[in-house]
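Here's query.tsv, which has TSV, C-alpha atoms and all ligand atoms:
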chain	number	residue	atom	x	y	z
A	256	MET	CA	46.12	3.21	-110.10
A	257	THR	CA	43.57	0.57	-109.05
A	258	LYS	CA	41.29	-0.21	-111.97
A	259	VAL	CA	37.75	-1.49	-111.42
A	260	LEU	CA	36.14	-3.01	-114.50
A	261	VAL	CA	32.35	-3.25	-114.79
A	262	ALA	CA	31.67	-5.85	-117.49
A	263	THR	CA	27.96	-6.16	-118.10
A	264	ASP	CA	26.44	-7.68	-121.20
A	265	LYS	CA	23.11	-6.48	-119.75
A	266	PRO	CA	24.08	-3.00	-118.50
A	267	PHE	CA	23.02	-1.47	-115.20
A	268	ALA	CA	20.69	1.55	-115.40
A	269	LYS	CA	22.66	4.81	-115.90
A	270	VAL	CA	21.78	6.01	-112.41
A	271	ALA	CA	23.42	2.88	-110.97
A	272	VAL	CA	26.54	3.27	-113.11
A	273	ASP	CA	26.81	6.90	-111.91
A	274	GLY	CA	26.59	5.71	-108.30
A	275	ILE	CA	29.20	2.98	-108.84
A	276	ARG	CA	31.53	5.54	-110.45
A	277	GLU	CA	31.17	7.89	-107.51
A	278	ILE	CA	32.09	5.19	-104.97
A	279	ILE	CA	35.04	3.97	-107.05
A	280	GLU	CA	36.41	7.45	-107.79
A	281	ASP	CA	35.90	8.66	-104.21
A	282	ALA	CA	38.15	5.78	-103.17
A	283	GLY	CA	40.82	7.04	-105.59
A	284	PHE	CA	40.29	4.16	-108.05
A	285	THR	CA	39.40	4.36	-111.76
A	286	LEU	CA	36.31	2.86	-113.36
A	287	SER	CA	36.30	1.18	-116.73
A	288	LEU	CA	33.03	0.15	-118.41
A	289	LEU	CA	32.46	-2.68	-120.86
A	290	GLU	CA	28.78	-2.89	-121.70
A	291	LYS	CA	26.75	-4.95	-124.21
A	292	TYR	CA	29.90	-6.62	-125.52
A	293	THR	CA	29.25	-9.03	-128.37
A	294	ASP	CA	32.75	-10.45	-128.60
A	295	VAL	CA	34.17	-12.25	-125.56
A	296	ASN	CA	37.65	-11.12	-126.70
A	297	ASP	CA	36.64	-7.62	-125.67
A	298	PHE	CA	36.10	-8.98	-122.15
A	299	TYR	CA	39.49	-10.75	-122.21
A	300	ASN	CA	41.21	-7.50	-123.26
A	301	ALA	CA	39.39	-5.30	-120.77
A	302	VAL	CA	40.12	-7.59	-117.81
A	303	LYS	CA	43.90	-7.74	-118.52
A	304	ASP	CA	44.89	-4.83	-116.30
A	305	ALA	CA	41.84	-4.78	-113.98
A	306	ASP	CA	42.38	-5.11	-110.21
A	307	ALA	CA	38.70	-5.64	-109.51
A	308	LEU	CA	35.74	-6.79	-111.56
A	309	ILE	CA	31.98	-6.31	-111.25
A	310	VAL	CA	29.71	-8.55	-113.34
A	311	ARG	CA	26.07	-9.59	-113.49
A	312	SER	CA	25.29	-12.90	-115.23
A	313	ASP	CA	28.41	-12.47	-117.36
A	314	LYS	CA	30.42	-15.68	-117.43
A	315	VAL	CA	33.72	-15.39	-115.60
A	316	THR	CA	35.32	-18.45	-117.18
A	317	LYS	CA	38.81	-19.87	-116.78
A	318	GLN	CA	39.77	-18.00	-119.98
A	319	VAL	CA	38.65	-14.71	-118.42
A	320	VAL	CA	40.64	-15.54	-115.28
A	321	ASP	CA	43.68	-16.56	-117.34
A	322	ASN	CA	43.61	-13.19	-119.12
A	323	ALA	CA	43.42	-11.25	-115.86
A	324	GLU	CA	46.96	-10.39	-114.85
A	325	LYS	CA	46.24	-8.25	-111.78
A	326	LEU	CA	42.79	-9.30	-110.65
A	327	LYS	CA	42.24	-9.57	-106.89
A	328	ILE	CA	38.47	-9.60	-106.55
A	329	VAL	CA	35.32	-10.34	-108.58
A	330	VAL	CA	31.92	-9.28	-107.30
A	331	ARG	CA	28.84	-10.76	-108.90
A	332	ALA	CA	26.32	-7.93	-108.44
A	333	GLY	CA	23.43	-10.23	-107.65
A	334	ALA	CA	22.60	-13.46	-105.86
A	335	GLY	CA	23.47	-16.46	-108.04
A	336	TYR	CA	27.17	-16.97	-108.74
A	337	ASP	CA	26.88	-20.03	-110.97
A	338	ASN	CA	28.43	-17.85	-113.70
A	339	LEU	CA	31.76	-17.67	-111.87
A	340	ASP	CA	34.40	-20.37	-112.27
A	341	LEU	CA	35.22	-20.51	-108.56
A	342	ASP	CA	37.99	-23.09	-108.98
A	343	ALA	CA	39.81	-20.96	-111.53
A	344	LEU	CA	39.42	-17.88	-109.32
A	345	SER	CA	40.57	-19.67	-106.15
A	346	GLN	CA	43.61	-21.11	-107.93
A	347	LYS	CA	44.80	-17.56	-108.55
A	348	ASN	CA	43.79	-16.43	-105.04
A	349	ILE	CA	41.15	-14.13	-106.46
A	350	VAL	CA	38.31	-13.44	-104.04
A	351	ALA	CA	34.76	-13.98	-105.35
A	352	MET	CA	31.74	-12.35	-103.71
A	353	ASN	CA	28.04	-11.87	-104.40
A	354	THR	CA	25.61	-9.25	-103.09
A	355	PRO	CA	22.86	-11.36	-101.51
A	356	GLY	CA	19.42	-9.81	-101.12
A	357	GLN	CA	20.18	-6.63	-103.03
A	358	ASN	CA	18.04	-7.38	-106.09
A	359	SER	CA	15.53	-9.71	-104.42
A	360	ASN	CA	12.55	-7.39	-104.37
A	361	ALA	CA	12.68	-6.88	-108.14
A	362	VAL	CA	12.69	-10.64	-108.73
A	363	ALA	CA	9.91	-11.20	-106.19
A	364	GLU	CA	7.71	-8.57	-107.86
A	365	LEU	CA	8.29	-10.21	-111.24
A	366	ALA	CA	7.28	-13.62	-109.84
A	367	ILE	CA	4.00	-12.11	-108.60
A	368	GLY	CA	3.47	-10.36	-111.95
A	369	MET	CA	4.02	-13.65	-113.77
A	370	MET	CA	1.42	-15.40	-111.62
A	371	ILE	CA	-1.15	-12.73	-112.47
A	372	PHE	CA	-0.15	-12.89	-116.15
A	373	MET	CA	-0.66	-16.66	-116.24
A	374	ALA	CA	-3.88	-16.52	-114.24
A	375	ARG	CA	-5.27	-14.01	-116.77
A	376	SER	CA	-4.37	-16.11	-119.83
A	377	ALA	CA	-1.30	-14.04	-120.82
A	378	PHE	CA	-3.40	-10.86	-120.67
A	379	ASN	CA	-6.00	-12.13	-123.10
A	380	PRO	CA	-9.59	-10.99	-122.65
A	381	GLN	CA	-10.84	-14.57	-122.23
A	382	THR	CA	-12.05	-15.68	-118.79
A	383	GLY	CA	-9.16	-16.15	-116.39
A	384	THR	CA	-8.80	-17.06	-112.73
A	385	GLU	CA	-7.78	-15.19	-109.57
A	386	LEU	CA	-4.91	-15.67	-107.16
A	387	LEU	CA	-7.12	-15.08	-104.10
A	388	GLY	CA	-7.41	-18.30	-102.10
A	389	LYS	CA	-4.98	-20.22	-104.33
A	390	ARG	CA	-2.05	-22.19	-102.93
A	391	LEU	CA	1.45	-20.95	-103.69
A	392	GLY	CA	4.47	-23.17	-103.09
A	393	LEU	CA	7.91	-21.65	-102.72
A	394	GLN	CA	10.73	-23.94	-103.72
A	395	ALA	CA	13.35	-22.40	-101.39
A	396	TYR	CA	12.73	-19.74	-98.83
A	397	GLY	CA	15.69	-17.38	-99.11
A	398	HIS	CA	15.68	-13.64	-99.75
A	399	VAL	CA	13.44	-13.84	-102.84
A	400	GLY	CA	11.18	-16.61	-101.56
A	401	ALA	CA	10.43	-14.73	-98.33
A	402	LEU	CA	9.53	-11.56	-100.26
A	403	VAL	CA	7.27	-13.49	-102.66
A	404	ALA	CA	5.55	-15.00	-99.60
A	405	GLN	CA	4.90	-11.58	-98.08
A	406	LYS	CA	3.41	-10.19	-101.31
A	407	ALA	CA	1.39	-13.34	-102.09
A	408	LYS	CA	-0.16	-13.28	-98.63
A	409	ALA	CA	-1.26	-9.70	-99.24
A	410	LEU	CA	-3.05	-11.02	-102.34
A	411	GLY	CA	-4.86	-13.59	-100.21
A	412	MET	CA	-2.87	-16.64	-101.32
A	413	GLU	CA	-2.13	-19.55	-99.00
A	414	VAL	CA	1.65	-19.86	-98.90
A	415	TYR	CA	3.67	-23.08	-98.51
A	416	ALA	CA	7.42	-23.54	-98.73
A	417	PHE	CA	10.02	-26.25	-98.93
A	418	ASP	CA	13.53	-25.35	-97.83
A	419	PRO	CA	15.74	-27.81	-95.94
A	420	PHE	CA	17.95	-24.90	-94.81
A	421	VAL	CA	15.20	-22.88	-93.09
A	422	SER	CA	13.44	-24.03	-89.94
A	423	LYS	CA	9.73	-24.75	-89.84
A	424	GLU	CA	9.43	-22.27	-86.94
A	425	ASP	CA	11.01	-19.44	-88.94
A	426	MET	CA	8.62	-20.02	-91.84
A	427	GLU	CA	5.60	-20.36	-89.60
A	428	LYS	CA	6.42	-17.12	-87.78
A	429	GLN	CA	5.93	-15.46	-91.15
A	430	GLY	CA	2.63	-17.19	-91.84
A	431	VAL	CA	4.12	-19.73	-94.27
A	432	LYS	CA	3.35	-23.44	-94.02
A	433	ALA	CA	6.46	-25.59	-94.14
A	434	VAL	CA	6.12	-28.84	-96.11
A	435	SER	CA	8.49	-31.74	-95.59
A	436	SER	CA	9.35	-32.59	-99.19
A	437	VAL	CA	9.55	-30.98	-102.58
A	438	GLU	CA	7.09	-33.61	-103.82
A	439	GLU	CA	4.54	-32.46	-101.26
A	440	LEU	CA	5.00	-28.88	-102.46
A	441	TYR	CA	4.28	-29.78	-106.10
A	442	LYS	CA	1.34	-32.00	-105.12
A	443	THR	CA	-0.23	-29.35	-102.91
A	444	CYS	CA	0.15	-26.07	-104.76
A	445	ASN	CA	-1.64	-24.38	-107.66
A	446	TYR	CA	1.48	-22.28	-108.28
A	447	VAL	CA	5.07	-23.28	-107.59
A	448	SER	CA	7.62	-20.47	-107.66
A	449	ILE	CA	11.22	-21.64	-108.02
A	450	HIS	CA	13.96	-19.93	-106.02
A	451	ILE	CA	16.72	-22.55	-105.84
A	452	PRO	CA	20.24	-21.92	-107.14
A	453	ALA	CA	21.68	-23.85	-110.08
A	454	ASN	CA	24.31	-26.28	-108.80
A	455	GLU	CA	25.30	-29.91	-109.28
A	456	LYS	CA	22.49	-31.08	-106.97
A	457	THR	CA	19.69	-28.96	-108.44
A	458	LYS	CA	20.44	-29.06	-112.18
A	459	LYS	CA	17.58	-30.76	-114.09
A	460	SER	CA	16.04	-31.69	-110.72
A	461	ILE	CA	12.60	-30.40	-111.73
A	462	ASN	CA	11.77	-33.42	-113.79
A	463	TYR	CA	8.87	-35.50	-115.08
A	464	ASN	CA	8.10	-37.08	-111.70
A	465	LEU	CA	7.91	-33.73	-109.97
A	466	ILE	CA	6.05	-31.75	-112.65
A	467	SER	CA	3.50	-34.57	-113.00
A	468	LEU	CA	2.51	-34.10	-109.36
A	469	LEU	CA	1.01	-30.65	-110.00
A	470	PRO	CA	-2.73	-30.46	-109.40
A	471	LYS	CA	-5.11	-29.64	-112.29
A	472	GLY	CA	-4.21	-26.26	-113.80
A	473	GLY	CA	-0.91	-26.14	-111.85
A	474	CYS	CA	1.58	-23.51	-112.91
A	475	ILE	CA	5.35	-23.28	-112.44
A	476	ILE	CA	6.95	-19.84	-112.23
A	477	ASN	CA	10.70	-19.84	-112.83
A	478	THR	CA	12.61	-16.66	-112.05
A	479	ALA	CA	15.64	-18.69	-110.91
A	480	ARG	CA	17.70	-20.56	-113.54
A	481	LYS	CA	16.77	-22.55	-116.64
A	482	GLU	CA	19.31	-25.23	-115.67
A	483	VAL	CA	17.17	-26.47	-112.77
A	484	ILE	CA	14.44	-27.58	-115.18
A	485	ASN	CA	14.66	-30.81	-117.11
A	486	GLU	CA	13.45	-29.21	-120.32
A	487	GLU	CA	12.72	-32.47	-122.17
A	488	ASP	CA	10.59	-33.64	-119.25
A	489	LEU	CA	8.77	-30.32	-119.14
A	490	LEU	CA	7.95	-30.66	-122.84
A	491	LYS	CA	6.69	-34.20	-122.28
A	492	CYS	CA	4.45	-33.05	-119.40
A	493	LEU	CA	3.04	-30.17	-121.47
A	494	LYS	CA	2.20	-32.60	-124.27
A	495	GLU	CA	0.60	-35.11	-121.91
A	496	ARG	CA	-1.40	-32.62	-119.88
A	497	GLU	CA	-3.29	-29.72	-121.42
A	498	ASP	CA	-3.86	-28.06	-118.06
A	499	ILE	CA	-0.36	-27.34	-116.74
A	500	LYS	CA	1.46	-24.05	-117.28
A	501	TYR	CA	5.04	-22.77	-117.21
A	502	CYS	CA	6.22	-19.16	-117.07
A	503	SER	CA	9.88	-18.32	-117.02
A	504	ASP	CA	12.28	-15.40	-116.93
A	505	ILE	CA	15.03	-17.42	-118.56
A	506	ALA	CA	14.35	-18.83	-122.01
A	507	ALA	CA	14.87	-22.59	-122.15
A	508	ASP	CA	17.24	-24.14	-124.66
A	509	ASN	CA	14.16	-25.66	-126.33
A	510	GLN	CA	12.11	-22.45	-125.96
A	511	ASN	CA	10.94	-22.53	-129.61
A	512	GLU	CA	9.28	-25.88	-128.98
A	513	LEU	CA	7.86	-24.67	-125.67
A	514	ASN	CA	6.47	-21.50	-127.29
A	515	GLU	CA	4.04	-23.63	-129.28
A	516	PHE	CA	2.12	-24.03	-126.03
A	517	PHE	CA	1.51	-20.28	-125.58
A	518	PRO	CA	-0.45	-18.98	-123.62
A	519	ARG	CA	0.16	-21.95	-121.28
A	520	VAL	CA	3.88	-21.29	-121.66
A	521	PHE	CA	5.62	-17.95	-121.67
A	522	SER	CA	9.17	-16.74	-121.35
A	523	THR	CA	10.49	-13.19	-121.22
A	524	PRO	CA	12.74	-12.43	-124.23
A	525	LYS	CA	15.73	-11.63	-122.02
A	526	LYS	CA	16.20	-12.28	-118.31
A	527	MET	CA	14.72	-9.23	-116.60
A	528	GLY	CA	13.96	-10.25	-112.99
A	529	ALA	CA	16.62	-7.98	-111.49
A	530	GLN	CA	16.37	-5.32	-114.17
A	531	THR	CA	14.90	-2.40	-112.22
A	532	GLN	CA	16.60	0.87	-111.39
A	533	GLU	CA	16.27	0.07	-107.69
A	534	ALA	CA	17.81	-3.40	-107.97
A	535	ASN	CA	20.62	-2.09	-110.19
A	536	ILE	CA	21.37	0.64	-107.66
A	537	ASN	CA	21.21	-1.73	-104.67
A	538	ALA	CA	23.33	-4.50	-106.21
A	539	GLY	CA	25.70	-2.28	-108.21
A	540	LEU	CA	26.52	0.07	-105.35
A	541	ALA	CA	26.87	-2.83	-102.90
A	542	ALA	CA	29.37	-4.44	-105.29
A	543	ALA	CA	31.37	-1.20	-105.55
A	544	ARG	CA	31.41	-0.76	-101.76
A	545	GLN	CA	32.49	-4.38	-101.23
A	546	ILE	CA	35.42	-3.84	-103.61
A	547	VAL	CA	36.55	-0.68	-101.85
A	548	ASP	CA	36.20	-2.37	-98.44
A	549	PHE	CA	38.19	-5.36	-99.62
A	550	ILE	CA	41.00	-3.45	-101.33
A	551	LYS	CA	41.36	-0.81	-98.60
A	552	ASN	CA	40.55	-2.84	-95.47
A	553	GLY	CA	40.71	-6.51	-96.46
A	554	VAL	CA	37.01	-7.05	-95.65
A	555	THR	CA	35.88	-10.41	-97.06
A	556	LYS	CA	32.22	-10.44	-96.01
A	557	PHE	CA	30.12	-12.13	-98.73
A	558	LYS	CA	33.11	-14.14	-100.00
A	559	VAL	CA	31.85	-17.29	-101.73
A	560	ASN	CA	35.13	-19.10	-102.54
B	1	LIG	C1	20.73	-13.01	-109.64
B	1	LIG	O1	21.23	-14.13	-109.52
B	1	LIG	O2	21.03	-12.07	-108.88
B	1	LIG	C2	19.65	-12.77	-110.65
B	1	LIG	O3	19.46	-13.90	-111.42
B	1	LIG	C3	19.86	-11.53	-111.49
B	1	LIG	O4	20.74	-11.71	-112.57
B	1	LIG	P1	21.16	-10.48	-113.52
B	1	LIG	O5	22.08	-9.60	-112.77
B	1	LIG	O6	21.81	-11.12	-114.70
B	1	LIG	O7	19.91	-9.75	-113.92
Show me this structure written as C-alpha cells.
Amino acid sequence: MTKVLVATDKPFAKVAVDGIREIIEDAGFTLSLLEKYTDVNDFYNAVKDADALIVRSDKVTKQVVDNAEKLKIVVRAGAGYDNLDLDALSQKNIVAMNTPGQNSNAVAELAIGMMIFMARSAFNPQTGTELLGKRLGLQAYGHVGALVAQKAKALGMEVYAFDPFVSKEDMEKQGVKAVSSVEELYKTCNYVSIHIPANEKTKKSINYNLISLLPKGGCIINTARKEVINEEDLLKCLKEREDIKYCSDIAADNQNELNEFFPRVFSTPKKMGAQTQEANINAGLAAARQIVDFIKNGVTKFKVN
C-alpha cells in the first residue's frame, strides 16, 4: 500500500489534515502523520517506508533522504524549498515539488499587518504614523509581492518594486512602479517588504550598504527568510541610526540582541506567515493532489529538481 507521510513540526490546521486524508484515502493510499516532533530520529523512522512525503519548513536533509527506502516524491507544501536537499533527492531520483502561490495571501496579509503594527509603535498608545501616502518597496514581485502591492494600494500607499524576473510593463499594468536596482528601492521607500527566496545569491545580501540607504524612519518587513539578512550589519545599522525599524516573521540568530531595540524591532515568536486555516487548506490539499497525480499519472508539474 502506498504510504504518504505528512511530517510537520508546525502542524497544519485540523481541517487541512482532514482534507489531505480524504484525498490520500480516496486514491487508495494510506496517510501517516508525524506532527510536532522534537526528535529528528522520529522523522528518520517515519520516513523509512514512506512512498511520498509532505513537509512545510521541515528540513529534508541528506540523512532524511538516506533513511527513506521507498520515497518517490517530496512536496513542500508552500513556496520556499530551501529546506530540501535537492542534490540528495535528485541522486536517488526522488521528485521534489512545491505548491507556489497557495499560501501567498496569508503571508501578504501578515506583511500588511506588520506595517500597521510598526507604524503604530507596536500597538502602543503613543503617537504613531499612517501608511496612507507612504512609499512601499517590494523586493521581488512574485505571488506574495503582487498581493502585498494590491492590498497596499487599497490603503493608499505608493508601491514600487524591484524584480529582475518581472517586466516593467507587467508591474506598471498593476499600478506598481518598477525601479531599476535594489539600491534605488531602499533609497526611495519608507517601507521595504522582502519577498526574495533564500539561495546562494541572496543569503546575507541585505547588508550594511543597503540598509543604510533607507530614508529617515525607514522600516524593513521580512516575511521571507532570516538568511537573506546580514544580521550583524542590521545590528550595526540599528545602533548607528535611531530611526530605522525592522519587523520579521522569522527570528534572527541574534534576536535577543535585536530585541533590545523594541519597539523599533519586532519578531513573531514562531514563523506564522502561512499559518492560517485557508493557507493550510490551499497548500496542504494542493500537495496531496500533486502526490496523487504524480503517483497515478506521472504528472511532474511544479517539480523543482
Ligand atoms: C513558504 O515558503 O511557503 C512560507 O515560508 C511558509 O512556510 P511554513 O509552511 O513553514 O509556514
Surrounding residues of Gly356 (chain A) excluding itself and chain neighbours under 3 positions, 8 Å, all atoms listed in the file, as number ranges by chain = A: 333-334, 359-360, 398-399
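Using all atoms listed in the file, the contacts of Ser312 (chain A) at a cut-off of 12 Å, with sequence neighbours closer than 4 positions omitted, comprise A:Val261, A:Ala262, A:Thr263, A:Asp264, A:Lys265, A:Pro266, A:Phe267, A:Thr316, A:Val330, A:Arg331, A:Ala332, A:Gly333, A:Ala334, A:Gly335, A:Tyr336, A:Asp337, A:Asn338, A:Leu339, A:Asn353, A:Arg480, A:Ile505, A:Lys525, A:Lys526, A:Met527, A:Gly528, A:Ala529, A:Gln530.
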Please provide the set of residues having any atom within 12 Å of Asp342 (chain A), restricted to all atoms listed in the file, with same-chain residues fewer than 2 positions apart removed, written as a PyMOL selection string.
-> chain A and resi 315-317+320+337-340+344-351+559-560
Expected file: the selected residues, C-alpha atoms, as a tab-separated table (two decimals), keeping the file's coordinate frame:
chain	number	residue	atom	x	y	z
A	315	VAL	CA	33.72	-15.39	-115.60
A	316	THR	CA	35.32	-18.45	-117.18
A	317	LYS	CA	38.81	-19.87	-116.78
A	320	VAL	CA	40.64	-15.54	-115.28
A	337	ASP	CA	26.88	-20.03	-110.97
A	338	ASN	CA	28.43	-17.85	-113.70
A	339	LEU	CA	31.76	-17.67	-111.87
A	340	ASP	CA	34.40	-20.37	-112.27
A	344	LEU	CA	39.42	-17.88	-109.32
A	345	SER	CA	40.57	-19.67	-106.15
A	346	GLN	CA	43.61	-21.11	-107.93
A	347	LYS	CA	44.80	-17.56	-108.55
A	348	ASN	CA	43.79	-16.43	-105.04
A	349	ILE	CA	41.15	-14.13	-106.46
A	350	VAL	CA	38.31	-13.44	-104.04
A	351	ALA	CA	34.76	-13.98	-105.35
A	559	VAL	CA	31.85	-17.29	-101.73
A	560	ASN	CA	35.13	-19.10	-102.54
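Taking CA of Tyr446 (chain A) as the reference point, CA of Leu365 (chain A) is found at 14.2 Å.
Take the candidates A:Pro419, A:Gly392, A:Gly411, A:Pro355 and check each one against ligand LIG 1 (chain B) using only C-alpha atoms and all ligand atoms; the shortest distance goes to A:Pro355.
Comparing A:Val259, A:Ile275, A:Ala323, A:Ile449 by their smallest distance to ligand LIG 1 (chain B), the closest is A:Ile449 (using all atoms listed in the file).
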Answer as a PDB file with C-alpha atoms, in the coordinates of the input, residues within 12 Å of (17.3, -22.9, -113.1) using all atoms listed in the file:
ATOM      1  CA  GLY A 335      23.470 -16.460-108.040  1.00  0.00           C
ATOM      2  CA  ASP A 337      26.880 -20.030-110.970  1.00  0.00           C
ATOM      3  CA  GLN A 394      10.730 -23.940-103.720  1.00  0.00           C
ATOM      4  CA  SER A 448       7.620 -20.470-107.660  1.00  0.00           C
ATOM      5  CA  ILE A 449      11.220 -21.640-108.020  1.00  0.00           C
ATOM      6  CA  HIS A 450      13.960 -19.930-106.020  1.00  0.00           C
ATOM      7  CA  ILE A 451      16.720 -22.550-105.840  1.00  0.00           C
ATOM      8  CA  PRO A 452      20.240 -21.920-107.140  1.00  0.00           C
ATOM      9  CA  ALA A 453      21.680 -23.850-110.080  1.00  0.00           C
ATOM     10  CA  ASN A 454      24.310 -26.280-108.800  1.00  0.00           C
ATOM     11  CA  GLU A 455      25.300 -29.910-109.280  1.00  0.00           C
ATOM     12  CA  LYS A 456      22.490 -31.080-106.970  1.00  0.00           C
ATOM     13  CA  THR A 457      19.690 -28.960-108.440  1.00  0.00           C
ATOM     14  CA  LYS A 458      20.440 -29.060-112.180  1.00  0.00           C
ATOM     15  CA  LYS A 459      17.580 -30.760-114.090  1.00  0.00           C
ATOM     16  CA  SER A 460      16.040 -31.690-110.720  1.00  0.00           C
ATOM     17  CA  ILE A 461      12.600 -30.400-111.730  1.00  0.00           C
ATOM     18  CA  ASN A 462      11.770 -33.420-113.790  1.00  0.00           C
ATOM     19  CA  ILE A 475       5.350 -23.280-112.440  1.00  0.00           C
ATOM     20  CA  ILE A 476       6.950 -19.840-112.230  1.00  0.00           C
ATOM     21  CA  ASN A 477      10.700 -19.840-112.830  1.00  0.00           C
ATOM     22  CA  THR A 478      12.610 -16.660-112.050  1.00  0.00           C
ATOM     23  CA  ALA A 479      15.640 -18.690-110.910  1.00  0.00           C
ATOM     24  CA  ARG A 480      17.700 -20.560-113.540  1.00  0.00           C
ATOM     25  CA  LYS A 481      16.770 -22.550-116.640  1.00  0.00           C
ATOM     26  CA  GLU A 482      19.310 -25.230-115.670  1.00  0.00           C
ATOM     27  CA  VAL A 483      17.170 -26.470-112.770  1.00  0.00           C
ATOM     28  CA  ILE A 484      14.440 -27.580-115.180  1.00  0.00           C
ATOM     29  CA  ASN A 485      14.660 -30.810-117.110  1.00  0.00           C
ATOM     30  CA  GLU A 486      13.450 -29.210-120.320  1.00  0.00           C
ATOM     31  CA  SER A 503       9.880 -18.320-117.020  1.00  0.00           C
ATOM     32  CA  ASP A 504      12.280 -15.400-116.930  1.00  0.00           C
ATOM     33  CA  ILE A 505      15.030 -17.420-118.560  1.00  0.00           C
ATOM     34  CA  ALA A 506      14.350 -18.830-122.010  1.00  0.00           C
ATOM     35  CA  ALA A 507      14.870 -22.590-122.150  1.00  0.00           C
ATOM     36  CA  ASP A 508      17.240 -24.140-124.660  1.00  0.00           C
ATOM     37  CA  LYS A 526      16.200 -12.280-118.310  1.00  0.00           C
TER      38      LYS A 526
END
Enclose ligand LIG 1 (chain B), meaning all of its atoms listed in the file, in a box aligned along x, y and z, pad it by 4 Å on each side, and list the centre and edge lengths in Å to one decimal, as AutoDock Vina command-line options.
--center_x 20.8 --center_y -11.9 --center_z -111.8 --size_x 10.6 --size_y 12.5 --size_z 13.8
Selection near Leu260 (chain A), 12 Å with only C-alpha atoms, sequence-local residues under 5 positions removed, as a VMD selection string = chain A and resid 272 275 to 276 279 284 to 290 298 to 310 323 325 to 330 542 to 543 546
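Distance-wise, CA of Ala271 (chain A) and CA of Gly539 (chain A) end up 6.3 Å apart.
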Considering all atoms listed in the file, state which residue in the set A:Ala363, A:Ile278, A:Leu387, A:Met369 is at the smallest distance from ligand LIG 1 (chain B).
-> A:Ala363
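Counting only C-alpha atoms and all ligand atoms, the residue from A:Met352, A:Leu341, A:Val437, A:Val319 that sits nearest to ligand LIG 1 (chain B) is A:Met352.
If you look at atom O4 of ligand LIG 1 (chain B) and CA of Ala538 (chain A), they are 10.0 Å away from each other.
Using all atoms listed in the file, the shortest contact distance between ligand LIG 1 (chain B) and any of A:Asp273, A:Asp297, A:Glu364, A:Asp313 is found at A:Asp313.
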